[in-house]
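A.B. asks: Here you go, this is input-v5.pdb (PDB, C-alpha atoms (C1' of nucleotides)).
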ATOM      1  CA  MET A   1     -28.706 -17.452  17.424
ATOM      2  CA  LEU A   2     -25.768 -19.812  18.010
ATOM      3  CA  ILE A   3     -22.233 -18.657  17.335
ATOM      4  CA  GLY A   4     -21.896 -20.978  14.328
ATOM      5  CA  GLU A   5     -25.102 -19.620  12.831
ATOM      6  CA  LEU A   6     -23.932 -16.060  13.344
ATOM      7  CA  ALA A   7     -20.563 -16.825  11.804
ATOM      8  CA  HIS A   8     -22.118 -18.545   8.811
ATOM      9  CA  ALA A   9     -24.647 -15.773   8.238
ATOM     10  CA  ALA A  10     -21.904 -13.161   8.320
ATOM     11  CA  GLY A  11     -19.405 -15.076   6.209
ATOM     12  CA  ALA A  12     -16.967 -15.630   9.053
ATOM     13  CA  THR A  13     -15.884 -18.614  11.143
ATOM     14  CA  THR A  14     -16.677 -19.492  14.740
ATOM     15  CA  PRO A  15     -13.179 -18.791  16.101
ATOM     16  CA  THR A  16     -13.192 -15.459  14.295
ATOM     17  CA  ILE A  17     -16.341 -14.393  16.147
ATOM     18  CA  ARG A  18     -14.736 -15.284  19.466
ATOM     19  CA  PHE A  19     -11.637 -13.417  18.361
ATOM     20  CA  TYR A  20     -13.703 -10.303  17.608
ATOM     21  CA  GLU A  21     -15.233 -10.551  21.056
ATOM     22  CA  ARG A  22     -11.787 -10.690  22.656
ATOM     23  CA  GLN A  23     -10.767  -7.676  20.574
ATOM     24  CA  GLN A  24     -13.767  -5.740  21.904
ATOM     25  CA  LEU A  25     -15.344  -5.478  18.490
ATOM     26  CA  LEU A  26     -18.405  -7.359  19.721
ATOM     27  CA  PRO A  27     -20.047  -6.883  23.118
ATOM     28  CA  THR A  28     -20.058  -9.683  25.671
ATOM     29  CA  PRO A  29     -22.994 -11.754  24.467
ATOM     30  CA  LEU A  30     -25.901 -13.149  26.470
ATOM     31  CA  ARG A  31     -25.686 -16.815  27.409
ATOM     32  CA  SER A  32     -28.336 -19.488  27.035
ATOM     33  CA  GLY A  33     -29.028 -21.865  29.907
ATOM     34  CA  ASN A  34     -26.376 -24.266  28.664
ATOM     35  CA  GLY A  35     -23.696 -21.596  28.597
ATOM     36  CA  TYR A  36     -23.772 -21.136  24.827
ATOM     37  CA  ARG A  37     -23.436 -17.599  23.466
ATOM     38  CA  ASP A  38     -26.794 -16.269  22.296
ATOM     39  CA  TYR A  39     -26.735 -13.674  19.525
ATOM     40  CA  ASN A  40     -29.447 -11.440  18.057
ATOM     41  CA  THR A  41     -29.835  -9.654  14.733
ATOM     42  CA  ALA A  42     -28.066  -6.531  16.016
ATOM     43  CA  ASP A  43     -24.987  -8.684  16.537
ATOM     44  CA  LEU A  44     -25.317 -10.031  13.025
ATOM     45  CA  ASP A  45     -25.543  -6.488  11.661
ATOM     46  CA  ARG A  46     -22.451  -5.647  13.639
ATOM     47  CA  VAL A  47     -20.394  -8.524  12.288
ATOM     48  CA  ARG A  48     -21.579  -7.746   8.782
ATOM     49  CA  PHE A  49     -20.546  -4.164   9.291
ATOM     50  CA  ILE A  50     -17.112  -5.274  10.425
ATOM     51  CA  ARG A  51     -16.662  -7.430   7.324
ATOM     52  CA  ALA A  52     -17.892  -4.654   5.029
ATOM     53  CA  ALA A  53     -15.541  -2.132   6.605
ATOM     54  CA  GLN A  54     -12.692  -4.622   6.387
ATOM     55  CA  SER A  55     -13.293  -5.208   2.724
ATOM     56  CA  SER A  56     -12.991  -1.444   2.275
ATOM     57  CA  GLY A  57      -9.500  -1.704   3.656
ATOM     58  CA  LEU A  58     -10.156  -0.538   7.216
ATOM     59  CA  SER A  59      -8.163  -2.257   9.946
ATOM     60  CA  LEU A  60      -9.845  -3.798  12.955
ATOM     61  CA  ALA A  61      -8.430  -0.998  15.096
ATOM     62  CA  GLU A  62     -10.045   1.594  12.851
ATOM     63  CA  ILE A  63     -13.308  -0.319  12.864
ATOM     64  CA  ARG A  64     -13.236  -0.479  16.634
ATOM     65  CA  GLY A  65     -12.847   3.307  16.632
ATOM     66  CA  ILE A  66     -16.052   3.645  14.613
ATOM     67  CA  LEU A  67     -17.947   1.189  16.790
ATOM     68  CA  ASP A  68     -16.789   2.926  19.967
ATOM     69  CA  ILE A  69     -18.208   6.224  18.755
ATOM     70  CA  ARG A  70     -21.452   4.493  17.857
ATOM     71  CA  ASP A  71     -21.645   2.772  21.218
ATOM     72  CA  ASP A  72     -21.130   6.166  22.770
ATOM     73  CA  GLY A  73     -24.420   7.224  21.205
ATOM     74  CA  GLN A  74     -22.943   9.528  18.589
ATOM     75  CA  PRO A  75     -23.048   9.345  14.793
ATOM     76  CA  PRO A  76     -19.559   8.443  13.560
ATOM     77  CA  CYS A  77     -20.076  10.114  10.148
ATOM     78  CA  ARG A  78     -17.389  12.746  10.470
ATOM     79  CA  HIS A  79     -14.863  10.249  11.800
ATOM     80  CA  VAL A  80     -15.684   7.702   9.120
ATOM     81  CA  SER A  81     -15.420  10.316   6.426
ATOM     82  CA  ASP A  82     -11.916  11.284   7.575
ATOM     83  CA  LEU A  83     -10.947   7.649   7.823
ATOM     84  CA  ILE A  84     -12.057   7.069   4.246
ATOM     85  CA  ASP A  85     -10.134  10.070   2.967
ATOM     86  CA  ASN A  86      -6.967   8.920   4.725
ATOM     87  CA  LYS A  87      -7.394   5.398   3.479
ATOM     88  CA  LEU A  88      -7.862   6.605  -0.059
ATOM     89  CA  ALA A  89      -4.638   8.594   0.156
ATOM     90  CA  GLU A  90      -2.881   5.529   1.557
ATOM     91  CA  VAL A  91      -4.178   3.304  -1.233
ATOM     92  CA  ARG A  92      -2.923   5.819  -3.783
ATOM     93  CA  ARG A  93       0.508   5.956  -2.183
ATOM     94  CA  ARG A  94       0.649   2.187  -2.243
ATOM     95  CA  MET A  95      -0.412   2.136  -5.880
ATOM     96  CA  ALA A  96       2.356   4.556  -6.776
ATOM     97  CA  GLU A  97       4.827   2.248  -5.066
ATOM     98  CA  LEU A  98       3.506  -0.693  -7.038
ATOM     99  CA  VAL A  99       3.788   1.219 -10.303
ATOM    100  CA  ALA A 100       7.441   1.899  -9.524
ATOM    101  CA  LEU A 101       7.935  -1.748  -8.644
ATOM    102  CA  GLU A 102       6.249  -2.811 -11.867
ATOM    103  CA  GLN A 103       8.633  -0.650 -13.868
ATOM    104  CA  GLU A 104      11.604  -2.068 -12.021
ATOM    105  CA  LEU A 105      10.438  -5.615 -12.698
ATOM    106  CA  GLN A 106       9.897  -4.820 -16.350
ATOM    107  CA  ARG A 107      13.409  -3.457 -16.537
ATOM    108  CA  LEU A 108      14.726  -6.640 -14.950
ATOM    109  CA  GLY A 109      12.657  -8.767 -17.318
ATOM    110  CA  GLU A 110      14.215  -7.038 -20.296
ATOM    111  CA  ARG A 111      17.690  -7.447 -18.864
ATOM    112  CA  ALA A 112      16.958 -11.136 -18.440
ATOM    113  CA  ARG A 113      16.058 -11.392 -22.103
ATOM    114  CA  LEU A 114      19.139  -9.464 -23.257
ATOM    115  CA  LEU A 115      21.605 -11.209 -21.027
ATOM    116  CA  ASN A 116      23.299 -14.338 -22.287
ATOM    117  CA  PRO A 117      23.420 -16.951 -19.522
ATOM    118  CA  ALA A 118      26.683 -18.215 -20.937
ATOM    119  CA  GLU A 119      28.247 -14.865 -20.170
ATOM    120  CA  CYS A 120      27.319 -15.047 -16.497
ATOM    121  CA  GLY A 121      30.620 -15.657 -14.815
ATOM    122  CA  ASP A 122      31.089 -17.048 -11.349
ATOM    123  CA  SER A 123      32.100 -13.662 -10.057
ATOM    124  CA  ASP A 124      28.605 -12.277  -9.713
ATOM    125  CA  ILE A 125      25.596 -13.727  -8.035
ATOM    126  CA  CYS A 126      23.133 -12.695 -10.713
ATOM    127  CA  ARG A 127      23.771 -10.078 -13.352
ATOM    128  CA  ILE A 128      20.072  -9.643 -13.979
ATOM    129  CA  ILE A 129      19.412  -8.263 -10.551
ATOM    130  CA  ASP A 130      22.807  -6.972  -9.567
ATOM    131  CA  THR A 131      23.143  -3.395 -10.668
ATOM    132  CA  ALA A 132      26.730  -3.016  -9.529
ATOM    133  CA  ARG A 133      28.350  -4.011 -12.808
ATOM    134  CA  ASP A 134      25.455  -2.691 -14.788
ATOM    135  CA  PRO A 135      26.342  -2.453 -18.479
ATOM    136  CA  ILE A 136      24.937  -5.108 -20.734
ATOM    137  CA  PRO A 137      26.857  -6.084 -23.899
ATOM    138  CA  ALA A 138      25.700  -4.072 -26.898
ATOM    139  CA  PRO A 139      23.544  -6.218 -29.193
TER     140      PRO A 139
ATOM    141  CA  MET B 140      35.631  -6.525   7.846
ATOM    142  CA  LEU B 141      33.663  -6.291  11.095
ATOM    143  CA  ILE B 142      29.950  -6.988  11.117
ATOM    144  CA  GLY B 143      29.114  -3.344  11.796
ATOM    145  CA  GLU B 144      31.230  -2.241   8.845
ATOM    146  CA  LEU B 145      29.574  -4.784   6.600
ATOM    147  CA  ALA B 146      26.130  -3.721   7.763
ATOM    148  CA  HIS B 147      26.885  -0.057   7.262
ATOM    149  CA  ALA B 148      28.412  -0.591   3.815
ATOM    150  CA  ALA B 149      25.379  -2.568   2.712
ATOM    151  CA  GLY B 150      22.779  -0.264   4.232
ATOM    152  CA  ALA B 151      21.645  -2.766   6.836
ATOM    153  CA  THR B 152      22.002  -3.098  10.600
ATOM    154  CA  THR B 153      24.140  -5.458  12.639
ATOM    155  CA  PRO B 154      21.253  -7.597  13.930
ATOM    156  CA  THR B 155      19.954  -7.876  10.375
ATOM    157  CA  ILE B 156      23.236  -9.389   9.210
ATOM    158  CA  ARG B 157      23.094 -11.960  12.013
ATOM    159  CA  PHE B 158      19.476 -12.601  11.085
ATOM    160  CA  TYR B 159      20.465 -13.270   7.459
ATOM    161  CA  GLU B 160      23.096 -15.695   8.678
ATOM    162  CA  ARG B 161      20.511 -17.579  10.757
ATOM    163  CA  GLN B 162      18.218 -17.666   7.715
ATOM    164  CA  GLN B 163      21.010 -19.236   5.666
ATOM    165  CA  LEU B 164      21.238 -16.269   3.341
ATOM    166  CA  LEU B 165      24.846 -15.742   4.339
ATOM    167  CA  PRO B 166      27.417 -18.493   4.873
ATOM    168  CA  THR B 167      28.908 -19.089   8.303
ATOM    169  CA  PRO B 168      31.626 -16.448   8.400
ATOM    170  CA  LEU B 169      35.248 -16.809   9.397
ATOM    171  CA  ARG B 170      36.157 -15.674  12.889
ATOM    172  CA  SER B 171      39.045 -13.458  13.949
ATOM    173  CA  GLY B 172      41.167 -14.435  16.935
ATOM    174  CA  ASN B 173      38.843 -12.607  19.299
ATOM    175  CA  GLY B 174      35.770 -14.466  18.054
ATOM    176  CA  TYR B 175      34.470 -11.591  15.953
ATOM    177  CA  ARG B 176      32.916 -12.408  12.591
ATOM    178  CA  ASP B 177      35.288 -11.543   9.754
ATOM    179  CA  TYR B 178      33.757 -10.660   6.400
ATOM    180  CA  ASN B 179      35.246 -10.128   2.953
ATOM    181  CA  THR B 180      34.089  -8.281  -0.140
ATOM    182  CA  ALA B 181      32.237 -11.330  -1.486
ATOM    183  CA  ASP B 182      30.065 -11.174   1.624
ATOM    184  CA  LEU B 183      29.432  -7.499   1.029
ATOM    185  CA  ASP B 184      28.421  -8.221  -2.566
ATOM    186  CA  ARG B 185      26.092 -10.858  -1.257
ATOM    187  CA  VAL B 186      24.355  -8.593   1.231
ATOM    188  CA  ARG B 187      24.066  -5.894  -1.408
ATOM    189  CA  PHE B 188      22.538  -8.423  -3.743
ATOM    190  CA  ILE B 189      20.021  -9.406  -1.091
ATOM    191  CA  ARG B 190      19.006  -5.777  -0.565
ATOM    192  CA  ALA B 191      18.732  -5.152  -4.308
ATOM    193  CA  ALA B 192      16.600  -8.240  -4.804
ATOM    194  CA  GLN B 193      14.428  -7.267  -1.853
ATOM    195  CA  SER B 194      13.842  -3.830  -3.257
ATOM    196  CA  SER B 195      12.612  -5.545  -6.424
ATOM    197  CA  GLY B 196       9.944  -7.215  -4.338
ATOM    198  CA  LEU B 197      11.553 -10.622  -3.906
ATOM    199  CA  SER B 198      11.036 -12.322  -0.557
ATOM    200  CA  LEU B 199      13.960 -13.639   1.456
ATOM    201  CA  ALA B 200      12.804 -17.175   0.644
ATOM    202  CA  GLU B 201      12.956 -16.423  -3.076
ATOM    203  CA  ILE B 202      16.343 -14.791  -2.687
ATOM    204  CA  ARG B 203      17.612 -17.818  -0.820
ATOM    205  CA  GLY B 204      16.451 -19.917  -3.767
ATOM    206  CA  ILE B 205      18.614 -17.853  -6.112
ATOM    207  CA  LEU B 206      21.610 -17.977  -3.800
ATOM    208  CA  ASP B 207      21.285 -21.729  -3.379
ATOM    209  CA  ILE B 208      21.473 -22.230  -7.124
ATOM    210  CA  ARG B 209      24.493 -19.940  -7.282
ATOM    211  CA  ASP B 210      26.177 -21.763  -4.411
ATOM    212  CA  ASP B 211      25.540 -24.955  -6.317
ATOM    213  CA  GLY B 212      27.799 -23.618  -9.070
ATOM    214  CA  GLN B 213      25.059 -22.981 -11.591
ATOM    215  CA  PRO B 214      23.901 -19.728 -13.173
ATOM    216  CA  PRO B 215      20.464 -18.901 -11.766
ATOM    217  CA  CYS B 216      19.398 -16.888 -14.839
ATOM    218  CA  ARG B 217      16.520 -19.091 -15.877
ATOM    219  CA  HIS B 218      15.180 -19.326 -12.336
ATOM    220  CA  VAL B 219      15.525 -15.588 -11.758
ATOM    221  CA  SER B 220      13.807 -14.847 -15.019
ATOM    222  CA  ASP B 221      10.821 -16.985 -14.030
ATOM    223  CA  LEU B 222      10.770 -15.414 -10.593
ATOM    224  CA  ILE B 223      10.647 -11.958 -12.145
ATOM    225  CA  ASP B 224       7.823 -12.912 -14.477
ATOM    226  CA  ASN B 225       5.798 -14.351 -11.611
ATOM    227  CA  LYS B 226       6.486 -11.348  -9.437
ATOM    228  CA  LEU B 227       5.401  -9.015 -12.203
ATOM    229  CA  ALA B 228       2.126 -10.918 -12.554
ATOM    230  CA  GLU B 229       1.662 -10.769  -8.793
ATOM    231  CA  VAL B 230       2.298  -7.028  -8.693
ATOM    232  CA  ARG B 231      -0.263  -6.539 -11.437
ATOM    233  CA  ARG B 232      -2.845  -8.629  -9.594
ATOM    234  CA  ARG B 233      -2.215  -6.591  -6.488
ATOM    235  CA  MET B 234      -2.545  -3.380  -8.471
ATOM    236  CA  ALA B 235      -5.890  -4.489  -9.852
ATOM    237  CA  GLU B 236      -7.045  -5.167  -6.300
ATOM    238  CA  LEU B 237      -5.951  -1.711  -5.254
ATOM    239  CA  VAL B 238      -7.763  -0.126  -8.175
ATOM    240  CA  ALA B 239     -10.950  -1.872  -7.080
ATOM    241  CA  LEU B 240     -10.352  -0.729  -3.520
ATOM    242  CA  GLU B 241      -9.751   2.815  -4.704
ATOM    243  CA  GLN B 242     -13.079   2.801  -6.525
ATOM    244  CA  GLU B 243     -14.839   1.448  -3.471
ATOM    245  CA  LEU B 244     -13.321   4.152  -1.284
ATOM    246  CA  GLN B 245     -14.281   6.822  -3.783
ATOM    247  CA  ARG B 246     -17.835   5.527  -3.724
ATOM    248  CA  LEU B 247     -17.841   5.666   0.064
ATOM    249  CA  GLY B 248     -16.373   9.162   0.009
ATOM    250  CA  GLU B 249     -19.202  10.353  -2.215
ATOM    251  CA  ARG B 250     -21.776   8.687  -0.005
ATOM    252  CA  ALA B 251     -20.240  10.477   2.964
ATOM    253  CA  ARG B 252     -20.675  13.799   1.194
ATOM    254  CA  LEU B 253     -24.269  13.063   0.167
ATOM    255  CA  LEU B 254     -25.390  11.665   3.479
ATOM    256  CA  ASN B 255     -26.760  14.040   6.061
ATOM    257  CA  PRO B 256     -25.399  13.145   9.512
ATOM    258  CA  ALA B 257     -28.647  14.331  11.068
ATOM    259  CA  GLU B 258     -30.430  11.563   9.201
ATOM    260  CA  CYS B 259     -28.266   8.858  10.677
ATOM    261  CA  GLY B 260     -30.551   7.107  13.086
ATOM    262  CA  ASP B 261     -29.469   4.916  15.944
ATOM    263  CA  SER B 262     -30.577   1.823  14.106
ATOM    264  CA  ASP B 263     -27.542   1.536  11.887
ATOM    265  CA  ILE B 264     -23.901   1.545  12.783
ATOM    266  CA  CYS B 265     -22.819   3.704   9.892
ATOM    267  CA  ARG B 266     -24.831   4.327   6.763
ATOM    268  CA  ILE B 267     -21.775   5.396   4.839
ATOM    269  CA  ILE B 268     -20.203   1.971   5.013
ATOM    270  CA  ASP B 269     -23.212  -0.233   5.587
ATOM    271  CA  THR B 270     -24.601  -1.293   2.252
ATOM    272  CA  ALA B 271     -27.575  -3.147   3.702
ATOM    273  CA  ARG B 272     -30.030  -0.237   3.647
ATOM    274  CA  ASP B 273     -28.344   1.246   0.640
ATOM    275  CA  PRO B 274     -30.537   3.930  -0.903
ATOM    276  CA  ILE B 275     -29.528   7.500  -0.251
ATOM    277  CA  PRO B 276     -32.193  10.231  -0.217
ATOM    278  CA  ALA B 277     -32.600  11.824  -3.619
ATOM    279  CA  PRO B 278     -30.981  15.270  -3.690
TER     280      PRO B 278
ATOM    281  C1'  DC C 279     -26.901 -45.956  24.017
ATOM    282  C1'  DT C 280     -23.935 -44.025  21.190
ATOM    283  C1'  DA C 281     -22.070 -41.225  17.564
ATOM    284  C1'  DA C 282     -22.101 -36.853  15.212
ATOM    285  C1'  DA C 283     -22.232 -32.190  15.443
ATOM    286  C1'  DC C 284     -22.559 -28.595  18.026
ATOM    287  C1'  DC C 285     -20.681 -25.642  22.032
ATOM    288  C1'  DA C 286     -17.091 -24.049  25.909
ATOM    289  C1'  DT C 287     -12.156 -22.577  27.583
ATOM    290  C1'  DG C 288      -7.232 -21.105  27.565
ATOM    291  C1'  DA C 289      -3.059 -21.376  25.308
ATOM    292  C1'  DA C 290      -0.102 -21.943  21.663
ATOM    293  C1'  DC C 291       0.951 -21.220  16.928
ATOM    294  C1'  DC C 292       1.337 -18.981  12.142
ATOM    295  C1'  DT C 293       3.576 -15.499   8.529
ATOM    296  C1'  DG C 294       7.829 -12.095   7.400
ATOM    297  C1'  DG C 295      11.346  -9.485   8.388
ATOM    298  C1'  DG C 296      13.381  -8.210  11.396
ATOM    299  C1'  DT C 297      14.178  -5.571  16.517
ATOM    300  C1'  DT C 298      15.105  -5.578  21.370
ATOM    301  C1'  DC C 299      16.868  -7.347  25.644
ATOM    302  C1'  DA C 300      20.031  -9.241  29.060
ATOM    303  C1'  DA C 301      24.425 -10.479  30.253
ATOM    304  C1'  DG C 302      28.902 -10.465  29.170
ATOM    305  C1'  DG C 303      33.799 -10.252  26.376
ATOM    306  C1'  DT C 304      37.307  -7.043  23.683
ATOM    307  C1'  DC C 305      39.821  -3.188  22.350
ATOM    308  C1'  DA C 306      41.577   1.666  21.640
ATOM    309  C1'  DA C 307      41.931   6.323  23.535
ATOM    310  C1'  DG C 308      42.727   9.394  27.161
TER     311       DG C 308
ATOM    312  C1'  DC D 309      42.329   2.179  34.628
ATOM    313  C1'  DT D 310      38.330   3.415  33.129
ATOM    314  C1'  DT D 311      35.161   4.851  29.637
ATOM    315  C1'  DG D 312      32.923   4.100  25.388
ATOM    316  C1'  DA D 313      32.277   1.728  21.278
ATOM    317  C1'  DC D 314      32.585  -2.242  19.465
ATOM    318  C1'  DC D 315      31.640  -7.430  19.528
ATOM    319  C1'  DT D 316      29.372 -12.228  21.360
ATOM    320  C1'  DT D 317      25.099 -15.297  22.552
ATOM    321  C1'  DG D 318      20.249 -16.954  23.127
ATOM    322  C1'  DA D 319      15.756 -15.698  23.795
ATOM    323  C1'  DA D 320      11.920 -12.909  23.639
ATOM    324  C1'  DC D 321       9.176  -9.593  21.305
ATOM    325  C1'  DC D 322       6.712  -6.783  17.457
ATOM    326  C1'  DC D 323       2.785  -6.264  13.783
ATOM    327  C1'  DA D 324      -2.332  -8.190  12.103
ATOM    328  C1'  DG D 325      -5.694 -11.147  11.809
ATOM    329  C1'  DG D 326      -6.687 -14.711  12.821
ATOM    330  C1'  DT D 327      -6.106 -20.475  13.164
ATOM    331  C1'  DT D 328      -5.137 -24.686  15.668
ATOM    332  C1'  DC D 329      -4.969 -27.598  19.629
ATOM    333  C1'  DA D 330      -6.267 -29.982  23.841
ATOM    334  C1'  DT D 331      -9.810 -31.079  26.715
ATOM    335  C1'  DG D 332     -14.304 -31.404  27.973
ATOM    336  C1'  DG D 333     -19.694 -30.347  28.129
ATOM    337  C1'  DT D 334     -24.517 -30.575  25.390
ATOM    338  C1'  DT D 335     -27.829 -31.893  22.287
ATOM    339  C1'  DT D 336     -30.063 -34.414  18.700
ATOM    340  C1'  DA D 337     -30.748 -38.381  15.423
ATOM    341  C1'  DG D 338     -30.918 -43.127  14.759
TER     342       DG D 338
END
In structure tokens, write the structure found in this file.

C.D. replies:
Amino acid sequence: MLIGELAHAAGATTPTIRFYERQQLLPTPLRSGNGYRDYNTADLDRVRFIRAAQSSGLSLAEIRGILDIRDDGQPPCRHVSDLIDNKLAEVRRRMAELVALEQELQRLGERARLLNPAECGDSDICRIIDTARDPIPAP
Amino acid sequence: MLIGELAHAAGATTPTIRFYERQQLLPTPLRSGNGYRDYNTADLDRVRFIRAAQSSGLSLAEIRGILDIRDDGQPPCRHVSDLIDNKLAEVRRRMAELVALEQELQRLGERARLLNPAECGDSDICRIIDTARDPIPAP
DNA sequence: CTAAACCATGAACCTGGGTTCAAGGTCAAG
DNA sequence: CTTGACCTTGAACCCAGGTTCATGGTTTAG
């Protein structure tokens, strides 16, 4: 299989495959007589695995950790399971941050609606965002 | 005010203040006789504004947009209001992505619990993540 | 025979928001 | 008069996950 075929079949691009090789995510491939990389279905499975793991939020470094265990001849189940638990906790932390950010933005949006542009003096940069002189004129 | 005092008062570091200056977020400051940057309270307000806007999820480029309008003598209310609305939509998109990711990770976590490591052959990389040969042995 | 469509390599570049480094000037206290 | 804590500059570096570029070889269709 040529590199372009591999890339296409796995939903990646040719430079990305070479990049994965440099990052030790893919083994040094065989070469055809003309010097072209020659891939097999195991390589395709591997790239597909990388993309699947990536779409589950794993970083390339974490994926390499899994592949290294596999290449060592061991089942990576335990490691993967821990990785998933940690990632889930991380996703939940990030979601909590986004909820807080959403609330903050909603607060700012309401301020923007209550605030009369004509009342914005030159002394502040933006009374919507600036919380220093906080109070808003009573309606 | 010295740069270190400004940084400290605004909750930033000295290199960050210089960085903001390079990024045109802060005007070229006055210099004291010894060549030191000399800041006033308007500068402090400005840095505080930048930090407040950043903590509401605005990028430095967006913040510069607001400051440019201000420096132009106009009230940036309308622009800021739009920015906030867009940012809110973006945060909600990102949250939806994270919810999907959370579900995916939960699914993988359950798979990990159902899957018997002893059954993981050498033929796959990791049956928890790999969805190719999906079915899991009935309990 | 030539043009298109592949492939090869190494190196540089991108985003964002800074941090770190190297080499040197300034100023107050002890 | 020296030590330490400031300040100055430009340039390089960090993270991740690639993309882009320059230059050149190979193969296939017309």

A.B. asks: Figure out the distance between atom CA of Leu25 of chain A and atom CA of Ala61 of chain A, please, to one decimal in Å.

C.D. replies: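 Going from atom CA of Ala61 of chain A over to atom CA of Leu25 of chain A, I get 8.9 Å.
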
A.B. asks: Env of DT316 of chain D: 8 Å cut, atoms = all atoms listed in the file, seq-sep filter 2 positions within chain, self excluded. Answer as a VMD selection string.

C.D. replies: (chain B and resid 174 to 175) or (chain C and resid 303)

A.B. asks: I'd like the interatomic distance between atom CA of Arg78 of chain A and atom CA of Pro256 of chain B, to a tenth of an Å.

C.D. replies: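 According to the coordinates, atom CA of Arg78 of chain A and atom CA of Pro256 of chain B are separated by 8.1 Å.
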
A.B. asks: Residues of chain A within 10 Å of chain D, counting all atoms listed in the file, what are they? List them as number ranges by chain.

C.D. replies: A: 15-16, 19-20, 34-36, 59-61

A.B. asks: Residues of chain A were defined as contacting chain C if any atom lay at most 12 Å from it, counting only C-alpha atoms (C1' of nucleotides); please report them as JSON, numbers by chain.

C.D. replies: {"A": [2, 3, 4, 5, 14, 15, 18, 31, 32, 34, 35, 36, 37, 38]}

A.B. asks: Compile a residue-level contact table for chain A against chain B at a cut-off of 8 Å, reporting for every qualifying residue the shortest atom pair and its distance in Å to one decimal, with only C-alpha atoms counted, rows ordered by chain and ascending number, as a tab-separated table.

C.D. replies:
residue	atom	partner	partner_atom	distance
A:Arg46	CA	B:Ile264	CA	7.4
A:Phe49	CA	B:Asp269	CA	6.0
A:Ala52	CA	B:Asp269	CA	6.9
A:Ala53	CA	B:Ile268	CA	6.4
A:Ser56	CA	B:Leu240	CA	6.4
A:Gly57	CA	B:Leu240	CA	7.3
A:Leu67	CA	B:Ile264	CA	7.2
A:Arg70	CA	B:Ile264	CA	6.4
A:Gly73	CA	B:Asp261	CA	7.6
A:Pro75	CA	B:Cys259	CA	6.7
A:Pro76	CA	B:Cys265	CA	6.8
A:Cys77	CA	B:Pro256	CA	6.2
A:Val80	CA	B:Ile267	CA	7.8
A:Ser81	CA	B:Ala251	CA	5.9
A:Ile84	CA	B:Leu244	CA	6.4
A:Asp85	CA	B:Gly248	CA	7.0
A:Lys87	CA	B:Leu244	CA	7.7
A:Leu88	CA	B:Leu244	CA	6.1
A:Val91	CA	B:Glu241	CA	6.6
A:Arg92	CA	B:Glu241	CA	7.5
A:Met95	CA	B:Met234	CA	6.5
A:Leu98	CA	B:Val230	CA	6.7
A:Leu101	CA	B:Ser195	CA	6.4
A:Glu102	CA	B:Leu227	CA	6.3
A:Glu104	CA	B:Ser195	CA	6.7
A:Leu105	CA	B:Leu227	CA	6.1
A:Gln106	CA	B:Leu227	CA	7.4
A:Leu108	CA	B:Ile223	CA	7.3
A:Gly109	CA	B:Ile223	CA	6.4
A:Ala112	CA	B:Ser220	CA	6.0
A:Pro117	CA	B:Cys216	CA	6.2
A:Cys120	CA	B:Pro214	CA	6.7
A:Asp122	CA	B:Gly212	CA	7.7
A:Ile125	CA	B:Arg209	CA	6.4
A:Cys126	CA	B:Pro215	CA	6.8
A:Ile128	CA	B:Cys216	CA	7.3
A:Ile129	CA	B:Ala192	CA	6.4
A:Asp130	CA	B:Phe188	CA	6.0
A:Thr131	CA	B:Ala191	CA	7.9

A.B. asks: Give me, please, the distance in Å between atom CA of Met140 of chain B and atom CA of Arg203 of chain B, quoted to one decimal.

C.D. replies: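 Atom CA of Met140 of chain B sits 23.0 Å away from atom CA of Arg203 of chain B.
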
A.B. asks: Considering all atoms listed in the file, state which residue in the set A:Leu58, A:Ile63, A:Val47, A:Leu114 is at the smallest distance from Leu26 of chain A.

C.D. replies: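 Ranking A:Leu58, A:Ile63, A:Val47, A:Leu114 by distance to Leu26 of chain A, first place goes to A:Val47.
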
A.B. asks: Of the candidates A:Leu44, A:Gln23, A:Gln54, A:His79, which one gets nearest to His8 of chain A if we count all atoms listed in the file?

C.D. replies: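 Residue with the minimum atom-to-atom distance to His8 of chain A: A:Leu44.
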